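Dumped data_27.cif below, it's mmCIF, C-alpha atoms:
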data_run
#
loop_
_atom_site.group_PDB
_atom_site.id
_atom_site.type_symbol
_atom_site.label_atom_id
_atom_site.label_comp_id
_atom_site.auth_asym_id
_atom_site.auth_seq_id
_atom_site.Cartn_x
_atom_site.Cartn_y
_atom_site.Cartn_z
ATOM 1 C CA MET A 1 7.338 0.599 -2.761
ATOM 2 C CA VAL A 2 8.603 -2.898 -2.039
ATOM 3 C CA GLY A 3 12.140 -2.059 -3.232
ATOM 4 C CA GLU A 4 12.203 1.164 -1.262
ATOM 5 C CA GLU A 5 11.524 -0.768 1.955
ATOM 6 C CA ARG A 6 14.742 -2.757 1.506
ATOM 7 C CA LEU A 7 16.901 0.371 1.429
ATOM 8 C CA ILE A 8 18.061 1.745 4.782
ATOM 9 C CA VAL A 9 19.217 5.370 4.667
ATOM 10 C CA VAL A 10 21.665 6.474 7.382
ATOM 11 C CA LEU A 11 22.769 9.968 8.366
ATOM 12 C CA HIS A 12 25.773 9.512 10.636
ATOM 13 C CA ASN A 13 27.462 11.953 13.019
ATOM 14 C CA VAL A 14 25.351 15.053 12.573
ATOM 15 C CA HIS A 15 25.262 18.311 14.545
ATOM 16 C CA SER A 16 22.832 20.335 12.427
ATOM 17 C CA MET A 17 19.129 20.173 13.219
ATOM 18 C CA GLN A 18 18.335 21.510 9.744
ATOM 19 C CA ARG A 19 20.357 18.760 8.080
ATOM 20 C CA VAL A 20 18.396 16.108 10.008
ATOM 21 C CA ILE A 21 15.058 17.646 9.016
ATOM 22 C CA GLU A 22 16.056 17.981 5.344
ATOM 23 C CA PHE A 23 17.320 14.383 5.279
ATOM 24 C CA ALA A 24 13.984 13.184 6.645
ATOM 25 C CA LYS A 25 12.030 15.160 4.041
ATOM 26 C CA ILE A 26 14.191 13.801 1.221
ATOM 27 C CA CYS A 27 14.122 10.205 2.443
ATOM 28 C CA TYR A 28 10.400 9.942 3.075
ATOM 29 C CA GLY A 29 9.462 12.275 0.225
ATOM 30 C CA LEU A 30 11.149 9.940 -2.254
ATOM 31 C CA GLY A 31 9.247 6.984 -0.819
ATOM 32 C CA TYR A 32 11.888 5.348 1.344
ATOM 33 C CA TYR A 33 10.647 3.823 4.563
ATOM 34 C CA THR A 34 13.613 3.634 6.973
ATOM 35 C CA LEU A 35 15.853 6.506 8.046
ATOM 36 C CA VAL A 36 18.501 5.992 10.710
ATOM 37 C CA ILE A 37 20.137 8.908 12.482
ATOM 38 C CA SER A 38 23.290 7.643 14.160
ATOM 39 C CA ARG A 39 25.292 9.759 16.566
ATOM 40 C CA PRO A 40 23.196 12.943 16.532
ATOM 41 C CA ILE A 41 24.839 15.634 18.647
ATOM 42 C CA GLY A 42 23.658 18.959 20.084
ATOM 43 C CA THR A 43 20.751 20.627 18.277
ATOM 44 C CA ALA A 44 20.535 17.704 15.847
ATOM 45 C CA ALA A 45 19.606 15.471 18.773
ATOM 46 C CA GLN A 46 17.565 18.001 20.754
ATOM 47 C CA VAL A 47 15.537 19.626 17.968
ATOM 48 C CA GLY A 48 16.304 17.864 14.665
ATOM 49 C CA VAL A 49 15.374 14.344 15.760
ATOM 50 C CA PRO A 50 11.944 15.314 17.202
ATOM 51 C CA GLU A 51 11.177 17.322 14.049
ATOM 52 C CA ALA A 52 12.291 14.424 11.844
ATOM 53 C CA GLN A 53 10.054 12.129 13.906
ATOM 54 C CA LYS A 54 7.094 14.356 13.013
ATOM 55 C CA VAL A 55 8.007 14.136 9.327
ATOM 56 C CA ALA A 56 8.309 10.347 9.594
ATOM 57 C CA PHE A 57 4.945 10.047 11.312
ATOM 58 C CA LYS A 58 3.173 12.225 8.727
ATOM 59 C CA MET A 59 4.719 10.303 5.826
ATOM 60 C CA LYS A 60 4.301 6.830 7.357
ATOM 61 C CA GLY A 61 8.025 6.261 7.623
ATOM 62 C CA ARG A 62 10.222 4.788 10.314
ATOM 63 C CA LEU A 63 12.879 6.819 12.117
ATOM 64 C CA ILE A 64 15.518 5.026 14.165
ATOM 65 C CA VAL A 65 17.971 6.969 16.342
ATOM 66 C CA LEU A 66 21.110 5.172 17.521
ATOM 67 C CA PRO A 67 24.330 6.159 19.289
ATOM 68 C CA ASP A 68 26.685 4.928 16.543
ATOM 69 C CA LEU A 69 26.922 3.519 13.018
ATOM 70 C CA LYS A 70 28.132 0.202 14.408
ATOM 71 C CA ASP A 71 24.828 -0.112 16.301
ATOM 72 C CA ALA A 72 22.827 0.491 13.120
ATOM 73 C CA ILE A 73 24.728 -2.244 11.307
ATOM 74 C CA GLU A 74 24.430 -4.659 14.231
ATOM 75 C CA LEU A 75 20.690 -4.133 14.753
ATOM 76 C CA LEU A 76 19.461 -3.813 11.151
ATOM 77 C CA LYS A 77 21.796 -6.426 9.665
ATOM 78 C CA PRO A 78 22.114 -5.088 6.119
ATOM 79 C CA GLU A 79 23.603 -7.482 3.588
ATOM 80 C CA LYS A 80 25.341 -4.646 1.723
ATOM 81 C CA ILE A 81 26.668 -1.380 3.163
ATOM 82 C CA ILE A 82 27.476 1.552 0.867
ATOM 83 C CA LEU A 83 29.325 4.506 2.422
ATOM 84 C CA PHE A 84 29.587 7.811 0.562
ATOM 85 C CA ALA A 85 32.899 9.660 0.619
ATOM 86 C CA PRO A 86 34.696 12.164 -1.582
ATOM 87 C CA LYS A 87 37.400 10.958 -3.948
ATOM 88 C CA PRO A 88 39.924 9.404 -3.287
ATOM 89 C CA TYR A 89 38.330 7.916 -0.139
ATOM 90 C CA GLY A 90 35.437 6.558 -2.159
ATOM 91 C CA LYS A 91 37.078 3.661 -3.962
ATOM 92 C CA LYS A 92 34.645 3.330 -6.868
ATOM 93 C CA ARG A 93 31.913 5.348 -8.560
ATOM 94 C CA PHE A 94 28.422 4.773 -7.194
ATOM 95 C CA ASN A 95 26.200 2.725 -9.523
ATOM 96 C CA ALA A 96 22.467 3.116 -8.815
ATOM 97 C CA GLU A 97 21.484 0.343 -11.250
ATOM 98 C CA GLU A 98 23.692 -2.152 -9.423
ATOM 99 C CA ILE A 99 22.121 -1.226 -6.079
ATOM 100 C CA ALA A 100 18.582 -1.334 -7.490
ATOM 101 C CA ASP A 101 19.257 -4.771 -8.968
ATOM 102 C CA GLN A 102 20.396 -6.079 -5.585
ATOM 103 C CA ILE A 103 17.406 -4.528 -3.811
ATOM 104 C CA LEU A 104 15.013 -6.134 -6.308
ATOM 105 C CA LYS A 105 16.698 -9.484 -5.627
ATOM 106 C CA GLY A 106 15.808 -9.097 -1.943
ATOM 107 C CA VAL A 107 19.135 -7.786 -0.604
ATOM 108 C CA ARG A 108 18.851 -5.309 2.284
ATOM 109 C CA VAL A 109 21.090 -2.379 1.411
ATOM 110 C CA MET A 110 22.250 0.365 3.766
ATOM 111 C CA VAL A 111 23.472 3.674 2.318
ATOM 112 C CA VAL A 112 25.427 5.864 4.735
ATOM 113 C CA PHE A 113 26.039 9.613 4.467
ATOM 114 C CA GLY A 114 28.315 11.589 6.783
ATOM 115 C CA GLY A 115 26.620 14.435 8.631
ATOM 116 C CA LEU A 116 29.782 16.518 9.006
ATOM 117 C CA GLU A 117 32.292 17.797 6.467
ATOM 118 C CA PRO A 118 34.352 16.161 5.051
ATOM 119 C CA GLY A 119 32.322 13.036 5.871
ATOM 120 C CA LEU A 120 33.023 9.632 7.325
ATOM 121 C CA SER A 121 36.220 8.591 9.120
ATOM 122 C CA GLY A 122 38.569 5.879 7.887
ATOM 123 C CA ARG A 123 37.266 3.517 10.571
ATOM 124 C CA GLU A 124 33.683 4.100 9.437
ATOM 125 C CA LEU A 125 34.585 3.674 5.766
ATOM 126 C CA SER A 126 36.050 0.262 6.588
ATOM 127 C CA MET A 127 32.590 -0.957 7.680
ATOM 128 C CA GLY A 128 31.388 -1.345 4.104
ATOM 129 C CA GLU A 129 32.045 -0.323 0.514
ATOM 130 C CA PRO A 130 33.200 3.305 0.168
ATOM 131 C CA VAL A 131 31.910 4.936 -3.023
ATOM 132 C CA TYR A 132 31.841 8.411 -4.543
ATOM 133 C CA LEU A 133 29.398 10.256 -6.756
ATOM 134 C CA ASP A 134 30.732 12.645 -9.413
ATOM 135 C CA VAL A 135 28.608 15.685 -8.588
ATOM 136 C CA GLY A 136 31.087 18.097 -7.016
ATOM 137 C CA GLU A 137 30.797 19.686 -3.582
ATOM 138 C CA ILE A 138 27.038 19.682 -2.922
ATOM 139 C CA GLY A 139 27.044 18.670 0.742
ATOM 140 C CA ALA A 140 25.485 15.684 2.445
ATOM 141 C CA VAL A 141 21.870 16.726 1.861
ATOM 142 C CA GLY A 142 22.449 17.298 -1.853
ATOM 143 C CA LEU A 143 24.398 14.068 -2.151
ATOM 144 C CA ALA A 144 21.591 12.118 -0.487
ATOM 145 C CA ALA A 145 18.952 13.731 -2.723
ATOM 146 C CA VAL A 146 20.814 12.861 -5.926
ATOM 147 C CA THR A 147 21.693 9.349 -4.771
ATOM 148 C CA LEU A 148 18.234 8.413 -3.509
ATOM 149 C CA TYR A 149 16.586 9.822 -6.621
ATOM 150 C CA GLU A 150 18.952 7.819 -8.870
ATOM 151 C CA ILE A 151 18.134 4.637 -6.942
ATOM 152 C CA LYS A 152 14.410 5.378 -7.201
ATOM 153 C CA LEU A 153 14.681 5.787 -10.995
ATOM 154 C CA ALA A 154 16.727 2.598 -11.263
ATOM 155 C CA LEU A 155 14.145 0.662 -9.227
ATOM 156 C CA LYS A 156 11.405 1.734 -11.647
ATOM 157 C CA SER A 157 13.277 0.807 -14.830
#

Take the structure from the file and write it as structure tokens.
Amino acid sequence: MVGEERLIVVLHNVHSMQRVIEFAKICYGLGYYTLVISRPIGTAAQVGVPEAQKVAFKMKGRLIVLPDLKDAIELLKPEKIILFAPKPYGKKRFNAEEIADQILKGVRVMVVFGGLEPGLSGRELSMGEPVYLDVGEIGAVGLAAVTLYEIKLALKS
């Protein structure tokens, strides 16, 4: 679980309470320790965040809620920031082995998923390395599940 503690998972700009809850279940269920919800709005903030806090508590995880992605970067100080976007906004294909290798070397990595369709803005994508995953239109929750599972497998190999 040492590698999993160096990965910071971020759900940014989310309105759906269900999306927040599902993200928490995926993150903590796969053994990751830190989930950041940045810019939750409406029911995501009012109902989703408290429910996600319960999931975090039960699974011994840490939930951090912040007003913006910039705050998450400033406070958590990741050494590498990976932002998920659809092609052509994602500049290169996501490589889980590369990320796992960096995590195992002690690098703190932040992976950011957009909570709304189509995802992150151009300004947000400029805050790190925009990548894509060739899985089709599966939504943010599906994208996070596939990505985090691939990283978990890569950390074990």

Between A:Glu124, A:Glu74, A:Glu117, A:Glu4, single out the one closest to A:Leu153, counting only C-alpha atoms.
->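 Among the listed residues, A:Glu4 lies closest to A:Leu153.
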
Take every atom of stretch 45-48 of chain A listed in the file, pad by 5 Å on each side, and give me the axis-aligned box centre and edge lengths in Å, one decimal, as lines of an AutoDock Vina configuration file.
center_x = 17.6
center_y = 17.5
center_z = 17.7
size_x = 14.1
size_y = 14.2
size_z = 16.1

Residues returned when the PyMOL selection byres ((chain A and resi 125) around 9) runs on this file, as a ChimeraX atom specification | /A:82-85,89-90,120-124,126-130

Kindly indicate which residue among A:Gly61, A:Pro78, A:Gly142, A:Pro88 lies nearest to A:Tyr33, using all atoms listed in the file for the distances.
-> A:Gly61

Could you pull out every residue with an atom within 10 Å of (25.9, -1.7, -5.7), file coordinates, counting only C-alpha atoms, and send them as a list in words?
->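 Returned residue set, sorted by chain then number, is Lys80, Ile81, Ile82, Arg93, Phe94, Asn95, Ala96, Glu97, Glu98, Ile99, Ala100, Asp101, Gln102, Ile103, Val109, Val111, Glu129 and Val131 of chain A.
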
Residues as selected, C-alpha atoms, written as a PDB file, in the coordinates of the input, can you do that?
ATOM      1  CA  LYS A  80      25.341  -4.646   1.723  1.00  0.00           C
ATOM      2  CA  ILE A  81      26.668  -1.380   3.163  1.00  0.00           C
ATOM      3  CA  ILE A  82      27.476   1.552   0.867  1.00  0.00           C
ATOM      4  CA  ARG A  93      31.913   5.348  -8.560  1.00  0.00           C
ATOM      5  CA  PHE A  94      28.422   4.773  -7.194  1.00  0.00           C
ATOM      6  CA  ASN A  95      26.200   2.725  -9.523  1.00  0.00           C
ATOM      7  CA  ALA A  96      22.467   3.116  -8.815  1.00  0.00           C
ATOM      8  CA  GLU A  97      21.484   0.343 -11.250  1.00  0.00           C
ATOM      9  CA  GLU A  98      23.692  -2.152  -9.423  1.00  0.00           C
ATOM     10  CA  ILE A  99      22.121  -1.226  -6.079  1.00  0.00           C
ATOM     11  CA  ALA A 100      18.582  -1.334  -7.490  1.00  0.00           C
ATOM     12  CA  ASP A 101      19.257  -4.771  -8.968  1.00  0.00           C
ATOM     13  CA  GLN A 102      20.396  -6.079  -5.585  1.00  0.00           C
ATOM     14  CA  ILE A 103      17.406  -4.528  -3.811  1.00  0.00           C
ATOM     15  CA  VAL A 109      21.090  -2.379   1.411  1.00  0.00           C
ATOM     16  CA  VAL A 111      23.472   3.674   2.318  1.00  0.00           C
ATOM     17  CA  GLU A 129      32.045  -0.323   0.514  1.00  0.00           C
ATOM     18  CA  VAL A 131      31.910   4.936  -3.023  1.00  0.00           C
TER      19      VAL A 131
END

Enumerate, as a ChimeraX atom specification, the residues matched when the PyMOL selection byres ((chain A and resi 62) around 8) is run on the file above.
-> /A:33-35,56-57,60-61,63-64
